[in-house]
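Below is one structure, written out as C-alpha cells; the observations come after it.
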Amino acid sequence: CTAKKLGPVIFWKMQFYTVVITLMLFAMVFMQAVGSYYNEKNHGEAFGPDVDIPAILRIVCIAFPLATQVYFAYQLNRIVYDHLEAIAKVQNSNRDVAAQLRHRNPDKADQLSELVDHLDSLANEIDRDLSSSPMKIVFLEANPAIVSLLMSAVTAVVVIRIRGFEV
C-alpha cells in the first residue's frame with residue numbers, strides 16, 4: 001500500500017509543493033548567477049562569497065532530501081517485486097507438490113492446482129497495480145535515473161554559480 005492510496009490528496013499536494021519549492025530554488029540560484037554575471041560585466045566585480053556560498057548551499061540542501069525521497073520511493077516500488085518473487089516461489093513449490101500428489105491423492109493435487117491459479121491471479125493483479133500507479137517523486141516515476149537527472153541539474157547549477165557563464 002502506497003501513500004497514493006492512503007492519502008491521495010495529501011500525496012499530490014506534497015508533490016506539487018516539492019516541485020514548486022525545487023523550481024523556486026533553482027530559479028533563485030540561476031537568477032543570482034545571472035545577476036553576478038551582469039554585475040561583473042557592468043561594474044567589474046562579481047557578487048562576493050556572501051551571496052555565492054548560501055546560493056550553493058541552498059541548492060545542495062534541497063538536492064539531497066529529494067534524492068533520498070526518490071531512493072525510498074524506489075525501494076517501495078521494489079518491495080512489490082519482492083512480493084511477486086515470493087508468490088512465484090510458492091507457486092512453483094505448490095506445482096511440484098501437486099505433480100507428486102497427482103497419482104496418490106488427486107483431490108489434494110486439484111486443490112493445490114487451484115491454489116496456484118489463485119496465486120497467479122494475485123501476482124497479475126499486484127503487477128498491474130504497480131505498473132498503473134508506481135510511486136512518483138516530483139511527478140516522475142521513482143527510479144535511479146531521476147536521482148541522476150536531479151544530481152546533473154544540481155551540478156550544472158553549482159558549476160554555473162561557481163564559474164559563471166564563461167566557458
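Chain labels A, B, ... are given in the sequence in which chains occur in the C-alpha cells; within each chain residues are numbered consecutively from 1, and ligands are likewise numbered from 1 in the order shown.
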Quiz item: Can you list every residue in range 38-154 of chain A that DSSP puts in alpha helix (DSSP H), as a ChimeraX atom specification?
Solution: /A:38-43,49-101,106-132,144-154
Practice problem: Write out as a PyMOL selection string each polymer residue whose atoms come within 12 Å of Pro65 in chain A, counting only C-alpha atoms; drop sequence neighbours fewer than 6 positions from it. | Solution: chain A and resi 18+22+58-59+71-72+137+147+150-151
Exercise. Compare A:Val20, A:Met135, A:Val9, A:Ala99 by their minimum atom-to-atom distance to Leu76 in chain A, counting only C-alpha atoms, and give me the closest one.
Key: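 Using only C-alpha atoms, Leu76 in chain A sits closest to A:Met135.
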Quiz item: Which of these residues is nearest to Val157 in chain A, using only C-alpha atoms: A:Glu40, A:Met14, A:Val29, A:Met24?
Solution: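 Of A:Glu40, A:Met14, A:Val29, A:Met24, the one nearest Val157 in chain A is A:Val29, counting only C-alpha atoms.
Among the candidate residues A:Phe16, A:Phe11, A:Tyr81, A:Tyr37, the one lying nearest to Ile162 in chain A is A:Tyr37, with distances computed using only C-alpha atoms.
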Quiz item: Which residue out of A:Gln15, A:Pro106, A:Gln111, A:Ala123 has the minimum interatomic distance to Leu66 in chain A when only C-alpha atoms are used?
Solution: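 Ranking A:Gln15, A:Pro106, A:Gln111, A:Ala123 by distance to Leu66 in chain A, first place goes to A:Gln15.
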Quiz item: What lies within 12 Å of Phe30 in chain A using only C-alpha atoms, ignoring chain neighbours under 4 positions off, as a PyMOL selection string?
Solution: chain A and resi 23-26+34-37+52+55-56+58-59+153-154+156-162+164-165
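Atom pair CA of Ala63 in chain A / CA of Pro144 in chain A: separated by 13.9 Å.
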Self-check item: Between CA of Asp110 in chain A and CA of Asp96 in chain A, distance in Å (one decimal)
Solution: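 For CA of Asp110 in chain A relative to CA of Asp96 in chain A, the distance reads 12.4 Å.
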